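Visitor: Dropping in run10.txt, which is compact mmCIF, C-alpha atoms:
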# COMPACT_ATOMS: atom_id res chain seq x y z
CA MET A 1 -2.14 -13.12 23.93
CA ALA A 2 -1.52 -10.62 26.61
CA ASN A 3 -1.17 -6.98 27.28
CA ALA A 4 2.56 -7.38 28.06
CA LYS A 5 4.89 -5.03 26.25
CA LEU A 6 6.56 -6.51 23.19
CA THR A 7 10.35 -6.54 23.02
CA VAL A 8 12.25 -4.56 20.39
CA LYS A 9 13.35 -7.87 18.85
CA GLN A 10 9.73 -9.00 18.50
CA LYS A 11 8.70 -5.70 16.95
CA LEU A 12 11.58 -5.72 14.47
CA GLY A 13 10.95 -9.37 13.59
CA PHE A 14 7.39 -8.45 12.75
CA GLY A 15 8.13 -5.11 11.12
CA ILE A 16 10.94 -6.14 8.75
CA PHE A 17 8.45 -7.83 6.41
CA ASP A 18 6.96 -4.52 5.37
CA LEU A 19 10.28 -3.33 4.02
CA GLY A 20 9.39 -5.68 1.17
CA GLY A 21 5.64 -5.26 1.31
CA ASN A 22 5.81 -1.50 1.04
CA MET A 23 8.55 -1.73 -1.56
CA LEU A 24 6.08 -3.53 -3.82
CA PHE A 25 3.24 -1.12 -3.04
CA THR A 26 5.42 1.91 -3.77
CA LEU A 27 7.04 0.42 -6.83
CA MET A 28 3.63 -0.24 -8.36
CA GLY A 29 2.24 3.12 -7.27
CA PHE A 30 5.14 5.21 -8.55
CA TRP A 31 6.33 3.21 -11.55
CA SER A 32 3.86 0.64 -12.94
CA LEU A 33 2.07 3.05 -15.30
CA LYS A 34 5.29 4.66 -16.56
CA TYR A 35 6.92 1.24 -17.01
CA LEU A 36 3.98 -0.04 -19.06
CA THR A 37 3.74 3.08 -21.24
CA ASP A 38 7.39 4.03 -21.72
CA VAL A 39 9.22 0.67 -21.50
CA VAL A 40 6.76 -2.05 -22.51
CA GLY A 41 5.17 0.28 -25.07
CA ILE A 42 1.47 0.00 -24.20
CA ALA A 43 -0.75 3.04 -24.88
CA ALA A 44 -1.63 4.93 -21.68
CA ALA A 45 -5.34 4.05 -21.67
CA TRP A 46 -4.66 0.35 -22.29
CA ALA A 47 -1.93 0.32 -19.65
CA GLY A 48 -4.44 1.61 -17.10
CA ILE A 49 -6.99 -0.97 -18.25
CA ALA A 50 -4.40 -3.76 -17.88
CA VAL A 51 -3.62 -2.69 -14.32
CA MET A 52 -7.32 -2.58 -13.45
CA ALA A 53 -8.06 -5.93 -15.11
CA GLY A 54 -5.20 -7.60 -13.26
CA LYS A 55 -6.54 -6.18 -10.03
CA LEU A 56 -10.05 -7.56 -10.49
CA TRP A 57 -8.57 -11.01 -9.92
CA ASP A 58 -7.86 -9.87 -6.34
CA ALA A 59 -11.61 -9.67 -5.72
CA VAL A 60 -11.42 -13.47 -5.69
CA THR A 61 -7.98 -14.19 -4.25
CA ASP A 62 -7.80 -11.69 -1.38
CA PRO A 63 -11.03 -12.70 0.41
CA ALA A 64 -10.25 -16.37 -0.27
CA MET A 65 -6.75 -16.06 1.21
CA GLY A 66 -8.10 -14.38 4.33
CA TYR A 67 -10.68 -17.13 4.78
CA ILE A 68 -8.10 -19.90 4.26
CA SER A 69 -5.57 -18.29 6.57
CA ASP A 70 -8.08 -18.08 9.43
CA ARG A 71 -8.70 -21.83 9.14
CA THR A 72 -5.13 -23.08 8.73
CA LEU A 73 -3.58 -25.40 11.31
CA SER A 74 0.12 -26.20 11.11
CA ARG A 75 3.18 -26.57 13.31
CA TRP A 76 4.13 -23.01 12.27
CA GLY A 77 0.74 -21.51 13.09
CA ARG A 78 -2.05 -20.07 10.96
CA ARG A 79 -0.14 -17.30 9.17
CA ARG A 80 3.58 -18.11 9.03
CA PRO A 81 3.43 -21.10 6.63
CA TYR A 82 2.36 -18.77 3.85
CA LEU A 83 5.40 -16.57 4.47
CA LEU A 84 7.69 -19.59 4.16
CA PHE A 85 6.19 -21.01 0.98
CA GLY A 86 5.21 -17.70 -0.64
CA ALA A 87 8.65 -16.07 -0.65
CA LEU A 88 9.98 -17.70 -3.83
CA PRO A 89 6.81 -17.13 -5.93
CA MET A 90 7.02 -13.45 -4.93
CA LEU A 91 10.55 -13.21 -6.30
CA LEU A 92 9.59 -14.93 -9.55
CA ALA A 93 6.48 -12.79 -10.05
CA MET A 94 8.50 -9.59 -9.70
CA TRP A 95 11.03 -10.80 -12.25
CA VAL A 96 8.35 -11.87 -14.73
CA PHE A 97 6.39 -8.60 -14.60
CA PHE A 98 9.41 -6.34 -15.04
CA SER A 99 10.90 -8.43 -17.87
CA ALA A 100 9.25 -6.60 -20.78
CA PRO A 101 8.63 -9.04 -23.68
CA GLU A 102 9.49 -8.39 -27.33
CA ILE A 103 5.94 -8.63 -28.68
CA ALA A 104 4.88 -6.65 -31.74
CA SER A 105 1.12 -7.02 -31.34
CA PRO A 106 -0.40 -4.30 -29.07
CA ALA A 107 -3.27 -6.65 -28.14
CA LEU A 108 -0.90 -9.44 -27.08
CA LEU A 109 1.14 -6.96 -25.04
CA VAL A 110 -1.97 -5.98 -23.08
CA ILE A 111 -2.84 -9.66 -22.52
CA TRP A 112 0.71 -10.32 -21.31
CA ALA A 113 0.48 -7.37 -18.91
CA VAL A 114 -2.82 -8.60 -17.45
CA LEU A 115 -1.50 -12.14 -16.90
CA ALA A 116 1.79 -10.94 -15.43
CA LEU A 117 -0.08 -8.60 -13.07
CA MET A 118 -2.41 -11.41 -12.01
CA PHE A 119 0.63 -13.54 -11.13
CA LEU A 120 2.24 -10.68 -9.21
CA ASN A 121 -0.95 -9.77 -7.36
CA THR A 122 -1.59 -13.39 -6.38
CA ALA A 123 1.96 -13.85 -5.07
CA SER A 124 1.54 -10.66 -3.05
CA THR A 125 -1.80 -11.86 -1.67
CA VAL A 126 -0.38 -15.17 -0.44
CA ILE A 127 2.16 -13.47 1.84
CA ASN A 128 0.64 -10.08 2.65
CA ILE A 129 -2.73 -11.12 4.05
CA PRO A 130 -1.38 -13.73 6.50
CA TYR A 131 1.31 -11.23 7.53
CA SER A 132 -1.15 -8.44 8.23
CA SER A 133 -3.33 -10.89 10.16
CA LEU A 134 -0.51 -11.37 12.68
CA THR A 135 -0.98 -7.85 14.07
CA PRO A 136 -3.92 -8.36 16.45
CA GLU A 137 -2.47 -11.69 17.62
CA LEU A 138 0.67 -10.06 19.00
CA THR A 139 -0.88 -7.57 21.44
CA ASP A 140 -4.25 -6.38 22.78
CA ASP A 141 -2.88 -3.10 24.13
CA TYR A 142 -4.47 -0.05 22.47
CA HIS A 143 -1.28 2.06 22.38
CA GLU A 144 1.10 -0.88 21.94
CA ARG A 145 -0.59 -1.54 18.60
CA SER A 146 0.34 1.95 17.51
CA THR A 147 3.95 1.37 18.61
CA LEU A 148 4.07 -2.03 16.87
CA ASN A 149 2.84 -0.51 13.65
CA GLY A 150 5.31 2.33 14.13
CA TYR A 151 8.09 -0.26 13.90
CA ARG A 152 6.36 -1.86 10.94
CA PHE A 153 6.14 1.36 9.02
CA GLY A 154 9.58 2.49 10.09
CA CYS A 155 10.80 -0.57 8.17
CA ALA A 156 8.22 0.13 5.46
CA VAL A 157 9.66 3.54 4.69
CA PHE A 158 13.03 1.98 3.82
CA GLY A 159 11.13 -0.27 1.44
CA THR A 160 9.24 2.73 0.12
CA ILE A 161 12.50 4.51 -0.64
CA GLY A 162 13.75 1.38 -2.41
CA GLY A 163 10.54 1.08 -4.39
CA ALA A 164 10.59 4.73 -5.44
CA ALA A 165 14.05 6.28 -5.48
CA ALA A 166 16.23 3.21 -6.14
CA VAL A 167 14.42 2.05 -9.27
CA LEU A 168 16.02 4.31 -11.89
CA PRO A 169 19.57 4.00 -10.49
CA LEU A 170 19.22 0.20 -10.59
CA THR A 171 17.89 0.12 -14.14
CA GLU A 172 20.72 2.38 -15.29
CA LEU A 173 23.38 -0.09 -14.10
CA PHE A 174 22.70 -2.31 -17.12
CA PRO A 175 23.45 -1.73 -20.82
CA THR A 176 19.86 -1.68 -22.12
CA GLU A 177 16.64 -0.27 -20.71
CA ARG A 178 14.74 -3.57 -20.90
CA LEU A 179 17.53 -5.54 -19.23
CA GLY A 180 17.79 -2.86 -16.55
CA TRP A 181 14.11 -3.13 -15.65
CA SER A 182 14.27 -6.93 -15.67
CA MET A 183 17.29 -7.03 -13.34
CA MET A 184 15.71 -4.38 -11.10
CA GLY A 185 12.66 -6.65 -10.76
CA LEU A 186 14.89 -9.62 -9.92
CA ILE A 187 16.95 -7.68 -7.33
CA LEU A 188 13.99 -6.09 -5.55
CA GLY A 189 12.07 -9.37 -5.76
CA ALA A 190 14.97 -11.07 -3.97
CA VAL A 191 14.86 -8.42 -1.23
CA MET A 192 11.11 -9.01 -0.80
CA ALA A 193 11.63 -12.77 -0.54
CA LEU A 194 14.45 -12.35 2.00
CA VAL A 195 12.53 -10.12 4.42
CA THR A 196 9.51 -12.42 4.14
CA LEU A 197 11.67 -15.30 5.34
CA LEU A 198 13.15 -13.13 8.12
CA THR A 199 9.66 -12.45 9.47
CA PHE A 200 8.86 -16.17 9.27
CA LEU A 201 11.94 -16.83 11.41
CA GLY A 202 11.52 -13.79 13.69
CA THR A 203 7.91 -14.27 14.82
CA LYS A 204 6.07 -16.96 16.74
CA GLU A 205 2.32 -17.44 16.78
CA LYS A 206 0.18 -18.43 19.71
CA PRO A 207 -0.63 -22.18 19.43
CA ARG A 208 -4.15 -22.85 18.14
CA ALA A 209 -6.39 -25.90 18.41
CA ARG A 210 -9.07 -26.72 15.86
CA ALA A 211 -11.68 -25.57 18.38
CA ASP A 212 -10.15 -22.08 18.25
CA LEU A 213 -10.76 -21.68 14.51
CA PRO A 214 -13.79 -19.87 13.04
CA THR A 215 -16.72 -22.10 12.15
CA GLN A 216 -18.72 -19.77 9.92
CA GLY A 217 -18.95 -20.36 6.19
CA PHE A 218 -17.40 -18.06 3.61
CA PHE A 219 -20.41 -15.85 2.95
CA SER A 220 -21.43 -15.65 6.61
CA THR A 221 -17.91 -14.58 7.48
CA TYR A 222 -17.86 -11.72 5.02
CA LYS A 223 -21.41 -10.74 5.89
CA ASP A 224 -20.15 -10.08 9.43
CA VAL A 225 -17.23 -8.10 8.02
CA PHE A 226 -19.53 -5.75 6.13
CA LEU A 227 -21.92 -5.41 9.06
CA ASN A 228 -19.06 -4.08 11.20
CA ARG A 229 -19.77 -0.36 10.86
CA PRO A 230 -16.50 0.99 12.33
CA TYR A 231 -14.55 -1.28 9.97
CA VAL A 232 -16.61 -0.32 6.92
CA ARG A 233 -16.10 3.38 7.60
CA LEU A 234 -12.38 2.84 8.11
CA ILE A 235 -11.88 0.69 5.02
CA LEU A 236 -13.77 3.13 2.79
CA THR A 237 -11.60 5.94 4.15
CA TYR A 238 -8.50 3.89 3.46
CA ALA A 239 -9.70 3.21 -0.10
CA LEU A 240 -9.94 6.95 -0.67
CA ASN A 241 -6.56 7.40 0.99
CA MET A 242 -4.86 4.91 -1.36
CA THR A 243 -6.63 6.26 -4.42
CA GLY A 244 -5.68 9.88 -3.74
CA LEU A 245 -2.11 9.09 -2.70
CA THR A 246 -1.47 6.91 -5.76
CA PHE A 247 -2.71 9.65 -8.10
CA LEU A 248 -0.01 11.86 -6.58
CA GLN A 249 2.72 9.21 -6.58
CA SER A 250 2.09 7.73 -10.01
CA ILE A 251 2.28 11.09 -11.79
CA LEU A 252 5.42 12.44 -10.09
CA ALA A 253 7.76 10.92 -12.69
CA TYR A 254 5.65 12.40 -15.51
CA TYR A 255 5.52 15.79 -13.77
CA THR A 256 9.28 16.14 -13.30
CA GLU A 257 10.01 14.94 -16.84
CA TYR A 258 7.36 16.77 -18.85
CA ILE A 259 6.51 19.86 -16.79
CA TYR A 260 10.10 20.69 -15.77
CA GLY A 261 12.06 18.75 -18.37
CA ARG A 262 14.09 17.34 -15.45
CA PRO A 263 13.70 13.54 -15.24
CA ASP A 264 17.05 13.50 -13.42
CA ILE A 265 15.47 14.95 -10.25
CA THR A 266 12.76 12.27 -10.02
CA PRO A 267 14.69 10.03 -7.57
CA LEU A 268 15.56 13.07 -5.43
CA VAL A 269 11.92 14.21 -5.33
CA MET A 270 10.84 10.76 -4.18
CA MET A 271 13.68 10.53 -1.67
CA ILE A 272 12.79 13.85 -0.03
CA LEU A 273 9.11 12.90 0.14
CA LEU A 274 9.78 9.52 1.69
CA VAL A 275 12.64 10.40 4.07
CA THR A 276 10.44 13.15 5.48
CA ALA A 277 7.65 10.60 5.87
CA MET A 278 10.02 8.27 7.71
CA ILE A 279 11.01 11.03 10.14
CA PHE A 280 7.38 11.85 10.89
CA ILE A 281 6.17 8.28 11.45
CA PRO A 282 7.38 8.15 15.10
CA ILE A 283 6.15 11.72 15.58
CA SER A 284 2.70 10.62 14.38
CA VAL A 285 2.72 7.82 16.98
CA LEU A 286 3.40 10.37 19.74
CA VAL A 287 0.70 12.67 18.38
CA SER A 288 -1.72 9.75 18.28
CA ARG A 289 -1.23 9.17 22.00
CA LYS A 290 -2.19 12.79 22.65
CA ILE A 291 -5.09 13.41 20.27
CA GLY A 292 -6.17 9.90 19.19
CA LYS A 293 -5.72 7.81 16.06
CA LYS A 294 -8.62 9.36 14.15
CA ARG A 295 -7.45 12.96 14.53
CA THR A 296 -3.90 11.94 13.63
CA TYR A 297 -5.19 10.30 10.46
CA GLN A 298 -7.11 13.44 9.56
CA ILE A 299 -3.89 15.49 9.72
CA CYS A 300 -2.59 13.31 6.87
CA PHE A 301 -5.55 14.18 4.64
CA LEU A 302 -5.44 17.89 5.45
CA ILE A 303 -1.75 18.21 4.60
CA LEU A 304 -1.83 16.07 1.45
CA SER A 305 -4.93 17.68 -0.05
CA SER A 306 -3.51 21.18 0.48
CA ALA A 307 -0.16 20.05 -0.96
CA CYS A 308 -1.85 18.84 -4.14
CA MET A 309 -3.57 22.18 -4.68
CA VAL A 310 -0.43 24.22 -4.03
CA ILE A 311 1.46 22.13 -6.61
CA PHE A 312 -1.39 22.55 -9.09
CA PHE A 313 -1.46 26.35 -8.82
CA LEU A 314 2.21 27.17 -8.14
CA GLY A 315 4.34 24.15 -9.09
CA GLN A 316 5.11 25.05 -12.71
CA THR A 317 5.54 28.78 -12.00
CA LEU A 318 7.92 28.43 -9.05
CA GLY A 319 10.00 25.70 -10.65
CA PRO A 320 11.94 22.57 -9.64
CA ALA A 321 13.66 24.08 -6.57
CA PHE A 322 10.31 24.98 -5.02
CA PHE A 323 8.96 21.53 -5.91
CA LEU A 324 11.86 19.80 -4.14
CA ILE A 325 11.46 21.92 -1.01
CA PHE A 326 7.69 21.47 -1.01
CA MET A 327 8.08 17.69 -0.96
CA VAL A 328 9.06 18.11 2.70
CA TYR A 329 5.57 19.45 3.47
CA ALA A 330 3.90 16.68 1.46
CA GLY A 331 6.12 14.10 3.17
CA ILE A 332 4.77 15.15 6.58
CA GLY A 333 1.29 14.25 5.35
CA VAL A 334 2.48 10.90 4.01
CA GLY A 335 4.16 10.14 7.34
CA PHE A 336 1.00 10.86 9.31
CA GLY A 337 -0.95 8.43 7.13
CA TYR A 338 1.21 5.35 7.68
CA VAL A 339 0.52 4.13 11.21
CA ALA A 340 -2.96 5.35 12.15
CA PRO A 341 -5.15 3.22 9.84
CA PHE A 342 -3.21 0.02 10.58
CA ALA A 343 -3.43 0.70 14.31
CA MET A 344 -7.19 1.21 13.96
CA VAL A 345 -7.95 -2.00 12.04
CA PRO A 346 -7.26 -4.36 14.99
CA ASP A 347 -9.62 -2.27 17.12
CA THR A 348 -12.44 -2.83 14.62
CA ILE A 349 -11.66 -6.57 14.58
CA GLU A 350 -11.97 -6.59 18.38
CA PHE A 351 -15.37 -4.95 17.94
CA ASP A 352 -16.47 -7.87 15.76
CA ALA A 353 -15.00 -10.47 18.14
CA VAL A 354 -17.20 -9.14 20.93
CA THR A 355 -20.26 -9.21 18.67
CA SER A 356 -19.80 -12.56 16.90
CA GLY A 357 -17.69 -14.49 19.41
CA GLU A 358 -15.22 -15.52 16.67
CA ARG A 359 -11.84 -14.17 15.63
CA LYS A 360 -11.43 -13.91 11.87
CA GLU A 361 -8.49 -11.57 11.36
CA GLY A 362 -7.66 -13.10 7.98
CA ALA A 363 -11.05 -12.23 6.54
CA TYR A 364 -10.70 -8.62 7.68
CA TYR A 365 -7.17 -8.25 6.36
CA GLY A 366 -8.09 -10.04 3.14
CA MET A 367 -10.69 -7.40 2.43
CA TRP A 368 -8.35 -4.65 3.65
CA THR A 369 -5.59 -5.75 1.28
CA PHE A 370 -8.02 -5.99 -1.62
CA VAL A 371 -9.30 -2.45 -1.04
CA SER A 372 -5.74 -1.15 -0.76
CA LYS A 373 -4.84 -2.73 -4.11
CA LEU A 374 -8.12 -1.59 -5.63
CA GLY A 375 -7.49 2.02 -4.64
CA THR A 376 -4.01 1.86 -6.16
CA SER A 377 -5.13 0.25 -9.42
CA LEU A 378 -8.20 2.48 -9.76
CA SER A 379 -6.06 5.60 -9.67
CA VAL A 380 -3.60 4.12 -12.19
CA PHE A 381 -6.52 3.13 -14.43
CA ILE A 382 -8.08 6.61 -14.31
CA SER A 383 -4.67 8.28 -14.73
CA GLY A 384 -4.12 6.24 -17.90
CA LEU A 385 -7.47 7.31 -19.28
CA ILE A 386 -6.86 10.98 -18.46
CA LEU A 387 -3.38 10.93 -20.01
CA SER A 388 -4.76 9.25 -23.12
CA ALA A 389 -7.61 11.78 -23.38
CA GLY A 390 -5.03 14.56 -23.09
CA GLY A 391 -3.05 13.13 -26.00
CA TYR A 392 -0.05 11.80 -24.08
CA VAL A 393 2.56 10.05 -26.24
CA ALA A 394 5.47 8.38 -24.47
CA ASN A 395 9.04 9.65 -24.72
CA GLN A 396 8.44 12.89 -26.63
CA ALA A 397 7.52 16.53 -26.01
CA GLN A 398 3.90 16.74 -24.84
CA SER A 399 1.06 18.92 -26.10
CA GLU A 400 -0.59 21.55 -23.90
CA SER A 401 -3.56 19.24 -23.36
CA ALA A 402 -1.27 16.41 -22.19
CA LEU A 403 0.52 18.75 -19.78
CA ARG A 404 -2.85 19.91 -18.47
CA ALA A 405 -3.81 16.28 -17.87
CA ILE A 406 -0.64 15.73 -15.84
CA LYS A 407 -1.42 18.80 -13.71
CA LEU A 408 -4.98 17.63 -13.06
CA ILE A 409 -3.75 14.22 -11.93
CA ILE A 410 -1.31 15.74 -9.43
CA GLY A 411 -3.65 18.50 -8.21
CA PRO A 412 -7.45 18.79 -7.91
CA ILE A 413 -8.28 15.11 -8.47
CA PRO A 414 -6.35 13.66 -5.50
CA ALA A 415 -7.11 16.76 -3.40
CA LEU A 416 -10.88 16.19 -3.65
CA ILE A 417 -10.52 12.47 -2.93
CA LEU A 418 -8.38 13.10 0.15
CA LEU A 419 -10.79 15.73 1.46
CA GLY A 420 -13.56 13.14 1.08
CA ALA A 421 -11.51 10.76 3.23
CA LEU A 422 -11.07 13.46 5.90
CA VAL A 423 -14.83 13.96 6.13
CA LEU A 424 -15.66 10.25 6.08
CA ILE A 425 -13.33 9.23 8.91
CA ASN A 426 -14.74 11.95 11.14
CA GLY A 427 -17.63 9.63 12.01
CA TYR A 428 -15.37 6.76 13.14
CA PRO A 429 -16.62 5.82 16.65
CA LEU A 430 -13.83 3.78 18.35
CA ASP A 431 -11.59 5.73 20.70
CA GLU A 432 -9.41 4.51 23.58
CA LYS A 433 -12.28 4.55 26.11
CA THR A 434 -14.61 2.59 23.82
CA TYR A 435 -11.88 0.09 23.06
CA LYS A 436 -11.17 -0.60 26.73
CA GLU A 437 -14.87 -1.23 27.27
CA LEU A 438 -14.73 -3.82 24.48
CA LEU A 439 -11.84 -5.62 26.15
CA GLU A 440 -13.75 -5.68 29.43
CA LYS A 441 -16.67 -7.38 27.68
CA GLU A 442 -14.25 -10.03 26.36
CA GLY A 443 -12.82 -10.47 29.83
CA LYS A 444 -9.31 -9.33 28.84
As structure tokens, please, write out the structure in this file.
Guide:
Amino acid sequence: MANAKLTVKQKLGFGIFDLGGNMLFTLMGFWSLKYLTDVVGIAAAWAGIAVMAGKLWDAVTDPAMGYISDRTLSRWGRRRPYLLFGALPMLLAMWVFFSAPEIASPALLVIWAVLALMFLNTASTVINIPYSSLTPELTDDYHERSTLNGYRFGCAVFGTIGGAAAVLPLTELFPTERLGWSMMGLILGAVMALVTLLTFLGTKEKPRARADLPTQGFFSTYKDVFLNRPYVRLILTYALNMTGLTFLQSILAYYTEYIYGRPDITPLVMMILLVTAMIFIPISVLVSRKIGKKRTYQICFLILSSACMVIFFLGQTLGPAFFLIFMVYAGIGVGFGYVAPFAMVPDTIEFDAVTSGERKEGAYYGMWTFVSKLGTSLSVFISGLILSAGGYVANQAQSESALRAIKLIIGPIPALILLGALVLINGYPLDEKTYKELLEKEGK
């Protein structure tokens, strides 16, 4: 592993995976709650509970996958075998979850949802954690990591658009709603499997001998992870980031349909938000070089929290046209939040490598992935409870209390969470100077 610049081919080979990875993240963030309530037919509170219950399984699988990945030896490396053999299960899990069953019993529907989500989350774990663990193995360079993740999230935004704006058009290609969602799951699952295989073919790991692998046991490994103060501060910030952002994303389809009575503009709203984010990803990389990763990340929280409050106070009054235009402003915040945290994680792993003398990227990314999923599912869970408390009933005109619940979920709740993230990350200690000192200690 060297400080040499990576080629465009290497960066694209690495980055293309996240077209699928972010497609799944966005699809679940924007659509999982609405799919479970309005298509499967589960009450809002129970839909949120199902999402949360399915996610608790990740508390076992994500750390375990990170630990296993760190200790894998194969002719393909430590990480890439899981991309090869995990692609097909990912496709199948997508198809299963979005194929709504004809079950009359509400209790059995919830059980089905939990099991299907456990399958989907496990399939995601098997490929996403080894993939993320490739990042620090490709380059040591402080700024090159930002550029590498810029390519990654440039690809990711295309997946984000697919996971948000392409869903309804795909489902509407088929004669029934249930068949449409099932075929959408199959099609997008196939895309996820394909890009996973492309990254397997397009990357090459540094050869490892058994002596290079971590020797610590499971609990000692994760004890070190949680004693890494820069990492803990960063991962807690990211948890707040994912929680606040998913509140905003998961309620957009409800907001356009029930506040404006315009479900037809939902794909356009999502497209404007995400295309703007895509445009500002490379801009955020340039800004990061000038003011640092931490300050760049804080711009994300400042913009998004203010956007939530403006929508809360003015969104209904100023109408759909204002909402569409204002998604440009919100999209800038989303764009500034893509690269920075993922460029900061490898720096915190380097901090641990200097301290412990062992490299355990999988353990760090296992916990990172779990927290990302936890933040997403926690916001869906709470959103379901709030909607239920407000009296939400799927596919009909909503009461004033239900509309108020929708406004709270898009406004003050995520705004407060995102402001908390802005304050928390302010104490993050690793800047470019500190990082170079770490590399000097490692003799790099």
Visitor: Please measure the separation of atom CA of Ala47 of chain A and atom CA of Gln316 of chain A, giving the value in Å to one decimal.
Guide: 26.6 Å
Visitor: Mind checking which residues fall within 7 Å of segment 66-73 of chain A, counting all atoms listed in the file, ignoring those fewer than 4 positions away in the same chain, and posting them as a ChimeraX atom specification?
Guide: /A:62,77-79,129-130,213-214,218,360-363,365-366
Visitor: Once you have the residues from the selection above, write them out as a CSV table (one decimal), in the frame of the given file, restricted to C-alpha atoms.
Guide:
chain,number,residue,atom,x,y,z
A,62,ASP,CA,-7.8,-11.7,-1.4
A,77,GLY,CA,0.7,-21.5,13.1
A,78,ARG,CA,-2.0,-20.1,11.0
A,79,ARG,CA,-0.1,-17.3,9.2
A,129,ILE,CA,-2.7,-11.1,4.0
A,130,PRO,CA,-1.4,-13.7,6.5
A,213,LEU,CA,-10.8,-21.7,14.5
A,214,PRO,CA,-13.8,-19.9,13.0
A,218,PHE,CA,-17.4,-18.1,3.6
A,360,LYS,CA,-11.4,-13.9,11.9
A,361,GLU,CA,-8.5,-11.6,11.4
A,362,GLY,CA,-7.7,-13.1,8.0
A,363,ALA,CA,-11.0,-12.2,6.5
A,365,TYR,CA,-7.2,-8.2,6.4
A,366,GLY,CA,-8.1,-10.0,3.1
Visitor: Report, in Å with one decimal, the straight-line distance from atom CA of Ala87 of chain A to atom CA of Thr196 of chain A.
Guide: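 We find that atom CA of Ala87 of chain A and atom CA of Thr196 of chain A lie 6.1 Å from each other.
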Visitor: Closest to Ala239 of chain A among A:Cys300, A:Ile417, A:Leu227, A:Ile386, using all atoms listed in the file?
Guide: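 So, comparing all the options, the nearest one is A:Ile417.
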Visitor: Enter the distance from atom CA of Leu324 of chain A to atom CA of Thr256 of chain A, in Å, rounded to one decimal.
Guide: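 Atom-to-atom, atom CA of Leu324 of chain A and atom CA of Thr256 of chain A are spaced 10.2 Å apart.
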Visitor: Residues near segment 95-97 of chain A, anyone? I mean within 10 Å using all atoms listed in the file, not counting same-chain ones fewer than 4 positions away, as a PDB file with C-alpha atoms, in the frame of the given file.
Guide:
ATOM      1  CA  SER A  32       3.860   0.640 -12.940  1.00  0.00           C
ATOM      2  CA  LEU A  36       3.980  -0.040 -19.060  1.00  0.00           C
ATOM      3  CA  PRO A  89       6.810 -17.130  -5.930  1.00  0.00           C
ATOM      4  CA  MET A  90       7.020 -13.450  -4.930  1.00  0.00           C
ATOM      5  CA  LEU A  91      10.550 -13.210  -6.300  1.00  0.00           C
ATOM      6  CA  PRO A 101       8.630  -9.040 -23.680  1.00  0.00           C
ATOM      7  CA  TRP A 112       0.710 -10.320 -21.310  1.00  0.00           C
ATOM      8  CA  ALA A 113       0.480  -7.370 -18.910  1.00  0.00           C
ATOM      9  CA  VAL A 114      -2.820  -8.600 -17.450  1.00  0.00           C
ATOM     10  CA  LEU A 115      -1.500 -12.140 -16.900  1.00  0.00           C
ATOM     11  CA  ALA A 116       1.790 -10.940 -15.430  1.00  0.00           C
ATOM     12  CA  LEU A 117      -0.080  -8.600 -13.070  1.00  0.00           C
ATOM     13  CA  MET A 118      -2.410 -11.410 -12.010  1.00  0.00           C
ATOM     14  CA  PHE A 119       0.630 -13.540 -11.130  1.00  0.00           C
ATOM     15  CA  LEU A 120       2.240 -10.680  -9.210  1.00  0.00           C
ATOM     16  CA  TRP A 181      14.110  -3.130 -15.650  1.00  0.00           C
ATOM     17  CA  SER A 182      14.270  -6.930 -15.670  1.00  0.00           C
ATOM     18  CA  MET A 183      17.290  -7.030 -13.340  1.00  0.00           C
ATOM     19  CA  MET A 184      15.710  -4.380 -11.100  1.00  0.00           C
ATOM     20  CA  GLY A 185      12.660  -6.650 -10.760  1.00  0.00           C
ATOM     21  CA  LEU A 186      14.890  -9.620  -9.920  1.00  0.00           C
ATOM     22  CA  ILE A 187      16.950  -7.680  -7.330  1.00  0.00           C
ATOM     23  CA  LEU A 188      13.990  -6.090  -5.550  1.00  0.00           C
ATOM     24  CA  GLY A 189      12.070  -9.370  -5.760  1.00  0.00           C
ATOM     25  CA  ALA A 190      14.970 -11.070  -3.970  1.00  0.00           C
TER      26      ALA A 190
END
Visitor: Between A:Asn128, A:Thr434, A:Thr317, A:Thr376, which is the closest to Val51 of chain A once you count all atoms listed in the file?
Guide: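 Selected residue with least distance to Val51 of chain A: A:Thr376.
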Visitor: Counting all atoms listed in the file, find residues at most 6 Å from (-5.4, 5.9, 8.6) (file frame) and give them as a compact mmCIF listing (two decimals) with C-alpha atoms, keeping the file's coordinate frame.
Guide:
# COMPACT_ATOMS: atom_id res chain seq x y z
CA TYR A 297 -5.19 10.30 10.46
CA GLY A 337 -0.95 8.43 7.13
CA ALA A 340 -2.96 5.35 12.15
CA PRO A 341 -5.15 3.22 9.84
Visitor: Taking 2 positions as the minimum chain separation for residues in the same chain, which residues sit within 8 Å of segment 403-412 of chain A when counting all atoms listed in the file? Answer as a count of residues only.
Guide: 24
Visitor: In terms of the shortest atom-to-atom distance over all atoms listed in the file, which of A:Asn241, A:Gln216, A:Thr199, A:Ser305 is closest to Leu374 of chain A?
Guide: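 Counting all atoms listed in the file, the residue closest to Leu374 of chain A is A:Asn241.
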Visitor: Select, from A:Gly335, A:Thr369, A:Phe351, A:Arg229, the residue with the minimum atom-to-atom distance to Tyr428 of chain A, counting only C-alpha atoms.
Guide: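 Residue with the minimum atom-to-atom distance to Tyr428 of chain A: A:Arg229.
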Visitor: If you count only C-alpha atoms, which residues fall within 7 Å of Met327 of chain A, apart from same-chain ones fewer than 4 positions away, as an NGL selection string?
Guide: :A and (269 or 272-273 or 323 or 331)
Visitor: How would the residues just picked look written out with C-alpha atoms as a compact mmCIF listing (two decimals), keeping the file's coordinate frame?
Guide:
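Final file, result.txt:
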# COMPACT_ATOMS: atom_id res chain seq x y z
CA VAL A 269 11.92 14.21 -5.33
CA ILE A 272 12.79 13.85 -0.03
CA LEU A 273 9.11 12.90 0.14
CA PHE A 323 8.96 21.53 -5.91
CA GLY A 331 6.12 14.10 3.17
